[in-house]
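Q: Sharing my_file27.tsv (TSV, C-alpha atoms and all ligand atoms) below.
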```
chain	number	residue	atom	x	y	z
A	266	MET	CA	73.28	-31.08	35.26
A	267	GLY	CA	73.90	-33.59	32.41
A	268	PRO	CA	75.80	-36.87	32.83
A	269	LYS	CA	79.00	-35.24	31.47
A	270	ASP	CA	78.89	-32.62	34.25
A	271	GLN	CA	78.57	-35.09	37.09
A	272	PRO	CA	81.59	-35.58	39.36
A	273	LYS	CA	83.74	-38.63	38.58
A	274	GLY	CA	82.96	-40.36	41.92
A	275	HIS	CA	79.25	-40.09	41.19
A	276	LEU	CA	79.67	-41.64	37.74
A	277	GLU	CA	81.78	-44.48	39.17
A	278	ALA	CA	79.14	-45.15	41.82
A	279	ARG	CA	76.46	-45.17	39.14
A	280	LYS	CA	78.41	-47.61	36.96
A	281	GLU	CA	78.87	-49.87	39.96
A	282	ARG	CA	75.18	-49.73	40.81
A	283	ILE	CA	74.38	-50.78	37.26
A	284	LEU	CA	76.87	-53.62	37.25
A	285	PHE	CA	75.98	-54.91	40.64
A	286	SER	CA	72.38	-54.94	39.77
A	287	TYR	CA	73.52	-58.26	38.46
A	288	ILE	CA	73.32	-59.42	42.04
A	289	PHE	CA	69.66	-59.49	41.08
A	290	MET	CA	70.72	-62.52	39.12
A	291	LYS	CA	70.66	-64.56	42.30
A	292	LEU	CA	67.03	-63.60	42.63
A	293	LEU	CA	66.25	-64.22	38.98
A	294	GLU	CA	67.91	-67.63	38.81
A	295	GLY	CA	64.61	-69.12	39.90
A	296	ARG	CA	62.91	-67.51	36.88
A	297	PRO	CA	65.09	-68.38	33.87
A	298	ARG	CA	62.61	-67.22	31.21
A	299	SER	CA	62.81	-63.63	32.36
A	300	TYR	CA	66.42	-63.92	33.52
A	301	ASP	CA	68.28	-62.89	30.35
A	302	ARG	CA	65.76	-60.17	29.46
A	303	THR	CA	65.89	-58.66	32.94
A	304	MET	CA	69.67	-58.95	33.16
A	305	ASP	CA	70.04	-57.13	29.90
A	306	LYS	CA	67.74	-54.35	31.12
A	307	VAL	CA	69.16	-53.87	34.60
A	308	SER	CA	72.74	-53.94	33.37
A	309	ARG	CA	71.85	-51.66	30.41
A	310	GLY	CA	73.27	-54.14	27.97
A	311	ARG	CA	76.57	-54.57	29.82
A	312	VAL	CA	76.11	-58.28	30.57
A	313	LEU	CA	75.47	-58.92	26.88
A	314	GLU	CA	78.51	-56.80	26.02
A	315	ILE	CA	80.66	-58.92	28.36
A	316	LYS	CA	79.32	-62.15	26.86
A	317	ARG	CA	80.05	-60.84	23.35
A	318	SER	CA	83.64	-60.12	24.42
A	319	VAL	CA	84.00	-63.65	25.81
A	320	ALA	CA	82.49	-65.21	22.67
A	321	GLY	CA	84.78	-63.11	20.45
A	322	LYS	CA	87.84	-64.75	22.01
A	323	ILE	CA	86.84	-68.28	21.04
A	324	PRO	CA	88.68	-69.78	18.07
A	325	GLU	CA	86.68	-70.90	15.02
A	326	GLY	CA	85.61	-74.52	15.26
A	327	ALA	CA	86.54	-74.90	18.94
A	328	ARG	CA	85.03	-77.50	21.25
A	329	VAL	CA	83.98	-75.49	24.28
A	330	LEU	CA	83.05	-76.33	27.87
A	331	GLU	CA	80.87	-73.78	29.70
A	332	ILE	CA	80.84	-73.79	33.50
A	333	GLY	CA	77.45	-72.69	34.90
A	334	CYS	CA	75.80	-72.12	31.52
A	335	GLY	CA	72.55	-70.66	32.91
A	336	THR	CA	69.97	-70.34	30.12
A	337	GLY	CA	72.61	-70.90	27.42
A	338	GLU	CA	72.79	-67.28	26.26
A	339	LEU	CA	76.61	-67.26	26.15
A	340	ALA	CA	76.69	-70.72	24.56
A	341	SER	CA	74.44	-69.47	21.78
A	342	MET	CA	76.87	-66.59	21.08
A	343	VAL	CA	79.92	-68.84	21.33
A	344	LEU	CA	78.36	-71.16	18.75
A	345	THR	CA	78.63	-68.46	16.08
A	346	ARG	CA	82.33	-69.45	16.09
A	347	ALA	CA	82.69	-72.73	18.00
A	348	SER	CA	81.70	-76.11	16.61
A	349	GLN	CA	80.16	-77.35	19.86
A	350	VAL	CA	79.46	-76.31	23.44
A	351	GLU	CA	79.08	-78.67	26.35
A	352	GLY	CA	77.41	-76.75	29.19
A	353	PHE	CA	76.49	-77.67	32.72
A	354	ASP	CA	74.64	-75.96	35.53
A	355	VAL	CA	73.62	-76.95	39.03
A	356	SER	CA	70.15	-75.36	38.71
A	357	PRO	CA	67.44	-77.62	37.24
A	358	LYS	CA	65.47	-74.55	36.11
A	359	MET	CA	68.44	-73.12	34.25
A	360	VAL	CA	69.14	-76.46	32.59
A	361	GLU	CA	65.50	-76.69	31.55
A	362	ALA	CA	65.68	-73.17	30.07
A	363	ALA	CA	68.93	-74.00	28.24
A	364	ARG	CA	67.34	-77.14	26.79
A	365	ARG	CA	64.39	-75.06	25.62
A	366	ARG	CA	66.86	-72.72	23.91
A	367	ILE	CA	68.42	-75.70	22.14
A	368	GLN	CA	65.01	-76.47	20.63
A	369	GLU	CA	64.08	-72.86	19.87
A	370	GLU	CA	67.43	-72.01	18.24
A	371	SER	CA	67.91	-75.43	16.57
A	372	LEU	CA	71.21	-76.00	18.39
A	373	SER	CA	70.63	-79.69	18.89
A	374	GLY	CA	73.84	-81.69	18.29
A	375	ARG	CA	76.00	-78.58	18.83
A	376	PHE	CA	74.95	-77.52	22.36
A	377	ARG	CA	74.55	-80.17	25.04
A	378	VAL	CA	73.60	-79.36	28.63
A	379	SER	CA	73.93	-81.41	31.81
A	380	LEU	CA	72.49	-80.92	35.25
A	381	MET	CA	75.72	-80.94	37.20
A	382	GLY	CA	77.71	-78.89	39.70
A	383	VAL	CA	81.38	-78.05	39.36
A	384	ASP	CA	82.05	-80.94	41.72
A	385	GLY	CA	81.13	-83.27	38.83
A	386	MET	CA	83.84	-81.89	36.54
A	387	ASP	CA	86.20	-84.73	37.46
A	388	GLY	CA	83.89	-86.97	35.38
A	389	LEU	CA	84.81	-85.05	32.17
A	390	ALA	CA	87.41	-86.57	29.87
A	391	GLU	CA	90.95	-85.20	29.97
A	392	ALA	CA	92.14	-82.93	27.13
A	393	SER	CA	88.73	-83.02	25.43
A	394	PHE	CA	88.09	-79.27	24.91
A	395	ASP	CA	89.79	-76.38	23.10
A	396	ALA	CA	88.30	-73.70	25.36
A	397	VAL	CA	86.57	-73.35	28.73
A	398	VAL	CA	84.34	-70.32	29.33
A	399	SER	CA	82.34	-69.01	32.27
A	400	THR	CA	80.55	-65.75	33.06
A	401	LEU	CA	79.32	-64.65	36.48
A	402	VAL	CA	79.60	-68.08	38.07
A	403	LEU	CA	82.93	-68.26	39.92
A	404	SER	CA	81.89	-65.43	42.26
A	405	GLU	CA	79.11	-67.73	43.47
A	406	LEU	CA	81.58	-70.46	44.44
A	407	SER	CA	83.71	-70.91	47.55
A	408	PRO	CA	87.50	-70.52	47.15
A	409	ASP	CA	87.85	-74.34	47.33
A	410	GLU	CA	85.20	-74.83	44.63
A	411	ARG	CA	86.91	-72.22	42.43
A	412	ARG	CA	90.29	-73.91	42.87
A	413	PHE	CA	88.72	-77.24	41.96
A	414	ALA	CA	86.81	-75.83	38.96
A	415	LEU	CA	89.87	-74.03	37.54
A	416	GLY	CA	92.09	-77.08	38.12
A	417	GLU	CA	89.57	-79.23	36.29
A	418	ALA	CA	89.28	-76.63	33.51
A	419	HIS	CA	93.03	-76.99	33.05
A	420	ARG	CA	92.86	-80.80	33.03
A	421	VAL	CA	90.04	-81.04	30.45
A	422	LEU	CA	91.75	-78.64	28.01
A	423	GLU	CA	94.04	-79.70	25.20
A	424	PRO	CA	97.58	-78.26	25.51
A	425	GLY	CA	97.36	-74.73	24.10
A	426	GLY	CA	93.65	-74.55	25.03
A	427	LEU	CA	92.06	-71.32	26.31
A	428	VAL	CA	90.22	-70.40	29.46
A	429	VAL	CA	88.06	-67.24	29.36
A	430	ILE	CA	86.43	-66.16	32.62
A	431	ALA	CA	84.43	-62.99	33.29
A	432	ASP	CA	83.34	-62.18	36.81
A	433	GLU	CA	83.03	-59.75	39.68
A	434	VAL	CA	86.38	-59.09	41.35
A	435	ARG	CA	87.69	-57.06	44.28
A	436	PRO	CA	88.86	-53.59	43.18
A	437	ARG	CA	92.60	-53.03	43.67
A	438	THR	CA	92.63	-49.73	45.55
A	439	ALA	CA	91.22	-49.02	49.01
A	440	GLY	CA	89.14	-46.11	47.64
A	441	ARG	CA	87.47	-48.20	44.97
A	442	ARG	CA	86.95	-51.08	47.42
A	443	ALA	CA	85.20	-48.69	49.83
A	444	LEU	CA	82.99	-47.32	47.04
A	445	HIS	CA	82.28	-50.84	45.86
A	446	ALA	CA	81.32	-52.00	49.37
A	447	VAL	CA	78.93	-49.08	49.82
A	448	THR	CA	77.21	-49.40	46.45
A	449	ARG	CA	76.97	-53.16	46.76
A	450	ALA	CA	75.65	-53.35	50.32
A	451	PRO	CA	71.92	-52.71	49.72
A	452	MET	CA	71.74	-55.27	46.92
A	453	LEU	CA	73.64	-57.83	48.98
A	454	ALA	CA	71.25	-57.37	51.87
A	455	LEU	CA	68.24	-57.72	49.58
A	456	THR	CA	69.72	-60.78	47.87
A	457	TYR	CA	70.39	-62.42	51.19
A	458	LEU	CA	66.90	-61.68	52.48
A	459	VAL	CA	65.19	-63.05	49.41
A	460	SER	CA	67.38	-66.01	48.47
A	461	SER	CA	69.84	-66.50	51.37
A	462	GLY	CA	72.41	-66.43	48.59
A	463	GLN	CA	75.54	-64.35	48.16
A	464	THR	CA	78.09	-63.54	45.52
A	465	HIS	CA	81.65	-62.80	46.56
A	466	PRO	CA	83.93	-60.49	44.55
A	467	ILE	CA	86.97	-62.65	43.76
A	468	PRO	CA	90.11	-61.24	45.42
A	469	ASP	CA	92.56	-62.25	42.67
A	470	LEU	CA	90.91	-63.97	39.70
A	471	ALA	CA	93.98	-63.71	37.45
A	472	GLY	CA	96.13	-65.17	40.27
A	473	GLU	CA	93.72	-68.08	40.71
A	474	VAL	CA	93.79	-68.78	36.96
A	475	ARG	CA	97.62	-68.72	37.12
A	476	ASP	CA	97.65	-70.99	40.18
A	477	ALA	CA	95.58	-73.55	38.25
A	478	GLY	CA	98.52	-73.88	35.83
A	479	PHE	CA	97.53	-71.45	33.05
A	480	SER	CA	99.65	-68.73	31.49
A	481	VAL	CA	97.51	-65.62	32.02
A	482	THR	CA	97.35	-63.91	28.62
A	483	GLY	CA	95.04	-61.02	29.49
A	484	GLU	CA	93.10	-59.27	32.21
A	485	GLU	CA	90.62	-56.59	31.17
A	486	ARG	CA	89.24	-54.60	34.12
A	487	SER	CA	86.06	-52.54	33.87
A	488	HIS	CA	83.15	-51.11	35.85
A	489	GLY	CA	85.10	-49.26	38.50
A	490	ASP	CA	87.78	-51.98	38.56
A	491	ALA	CA	85.17	-54.35	40.01
A	492	PHE	CA	84.82	-56.62	37.00
A	493	ALA	CA	87.46	-58.65	35.17
A	494	LEU	CA	87.66	-60.65	31.97
A	495	VAL	CA	90.62	-62.98	32.39
A	496	THR	CA	92.07	-65.11	29.61
A	497	GLY	CA	94.60	-67.88	30.08
A	498	GLN	CA	96.22	-70.59	28.04
A	499	LYS	CA	97.24	-74.12	28.95
A	500	ARG	CA	100.91	-74.43	28.08
A	501	ALA	CA	101.65	-76.55	25.05
A	502	GLU	CA	103.50	-79.77	25.86
A	503	VAL	CA	107.25	-79.41	25.44
A	504	GLY	CA	109.27	-81.96	23.49
B	601	LIG	C1	74.66	-65.47	37.85
B	601	LIG	S1	74.22	-66.89	37.02
B	601	LIG	C2	75.12	-66.75	35.49
B	601	LIG	C3	74.56	-67.69	34.45
B	601	LIG	C4	75.29	-67.61	33.12
B	601	LIG	N1	76.65	-68.04	33.24
B	601	LIG	C5	75.22	-66.22	32.58
B	601	LIG	O1	76.25	-65.53	32.57
B	601	LIG	O2	74.13	-65.81	32.15
B	601	LIG	C6	75.17	-68.09	37.92
B	601	LIG	C7	74.93	-69.49	37.44
B	601	LIG	O3	75.85	-70.34	38.10
B	601	LIG	C8	75.19	-71.53	38.43
B	601	LIG	N2	75.93	-72.16	39.53
B	601	LIG	C9	76.09	-71.72	40.79
B	601	LIG	N3	76.82	-72.59	41.51
B	601	LIG	C10	77.15	-73.59	40.66
B	601	LIG	C11	77.90	-74.80	40.81
B	601	LIG	N4	78.46	-75.14	41.98
B	601	LIG	N5	78.04	-75.61	39.74
B	601	LIG	C12	77.46	-75.27	38.55
B	601	LIG	N6	76.73	-74.16	38.35
B	601	LIG	C13	76.58	-73.33	39.40
B	601	LIG	C14	73.79	-71.06	38.82
B	601	LIG	O4	72.85	-72.10	38.80
B	601	LIG	C15	73.53	-70.02	37.76
B	601	LIG	O5	72.97	-70.54	36.59
```
Turn the structure described in the file into structure tokens.
A:
Amino acid sequence: MGPKDQPKGHLEARKERILFSYIFMKLLEGRPRSYDRTMDKVSRGRVLEIKRSVAGKIPEGARVLEIGCGTGELASMVLTRASQVEGFDVSPKMVEAARRRIQEESLSGRFRVSLMGVDGMDGLAEASFDAVVSTLVLSELSPDERRFALGEAHRVLEPGGLVVIADEVRPRTAGRRALHAVTRAPMLALTYLVSSGQTHPIPDLAGEVRDAGFSVTGEERSHGDAFALVTGQKRAEVG
């Protein structure tokens, strides 16, 4: 039986298994050098595809803030359009890997990275960015941290600025949620055993972006409805 002949439920489950292999990321975060390579393999190129979509939404010449920049893979793509990226990450190993990328890809002066958690975002200057991006980070945060991070993203953007967030979300129907829970369970258990870490599908990412004050301009769902790319815009000042 070829892939085309397989029942739809089976294909959905397979897609979910591939996507949620990214839970492996929690395990790989301690090994940044192999992180991007492994992520690309286990997700069969989907993580790169998602990052390309995020990067493609960034206006030419934009000043961009990246929340949880990891090894700087997204920043490197964003810099094909943006003028500069300011990234931060709470993991010293990730920051080290991102700084190595800056050297290897000659991004010095255009990509700056700080060792910082989202709780440090209140130290960033108001209205100093044209776009804020983040992939696969918010699902690692608590609801309070997400609220804080999105509120700060809104504060540091210029009026009219963009937020582009891609992450794991909770599927909207009971059937898909059940499928998602089943396919995700073994990886969650393994992740917890190895790293004591967890990721949490975000119940309503678009709603949280809206609650932070943005106009939500798009929500692209994929991978069995369990992944979302949400775009929002800070309203331009009136008058
Ligand atoms: C799954 S990785 C994704 C990395 C990168 N954004 C990417 O898409 O390749 C999650 C990243 O979020 C970072 N992170 C987790 N909690 C954080 C926090 N509170 N503040 C900043 N970064 C955080 C981790 O260190 C890790 O680099």
Q: Enumerate residues in contact with ligand LIG 601 (chain B): an atom-to-atom distance of at most 8 Å, counting all atoms listed in the file. Format the result as a count of residues only.
A: 35
Q: Restricting the calculation to all atoms listed in the file: of A:Ala363, A:Val329, A:Ala414, A:Ile467, which residue gets closest to Gln349 in chain A?
A: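 Closest candidate: A:Val329.
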Q: Using all atoms listed in the file for the distances, tell me which of A:Gly425, A:Gly326, A:Gly416, A:Pro468 is nearest to Thr345 in chain A.
A: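 Among the listed residues, the smallest separation from Thr345 in chain A belongs to A:Gly326.
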Q: Tell me, as a list of chain:residue names, which residues lie within 10 Å of Arg486 in chain A, counting only C-alpha atoms; anything in the same chain fewer than 3 positions away does not count.
A: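 These residues fall inside the cut-off: A:Ala431, A:Asp432, A:Glu433, A:Val434, A:Pro436, A:Gly483, A:Gly489, A:Asp490, A:Ala491, A:Phe492, A:Ala493, A:Leu494, A:Val495.
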Q: What is the distance, in Å and to one decimal place, between CA of Ala396 in chain A and CA of Val378 in chain A?
A: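 Between CA of Ala396 in chain A and CA of Val378 in chain A the gap is 16.1 Å.
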Q: Would you please work out which residue, of A:Arg442, A:Arg365, A:Arg411, A:Arg420, is nearest to Glu391 in chain A when using all atoms listed in the file?
A: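 The closest residue to Glu391 in chain A is A:Arg420.
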Q: Pick out the closest residue to Glu484 in chain A from this set: A:Glu417, A:Val319, A:Ala443, A:Arg302. Count all atoms listed in the file.
A: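 Result for the nearest residue to Glu484 in chain A: A:Val319.
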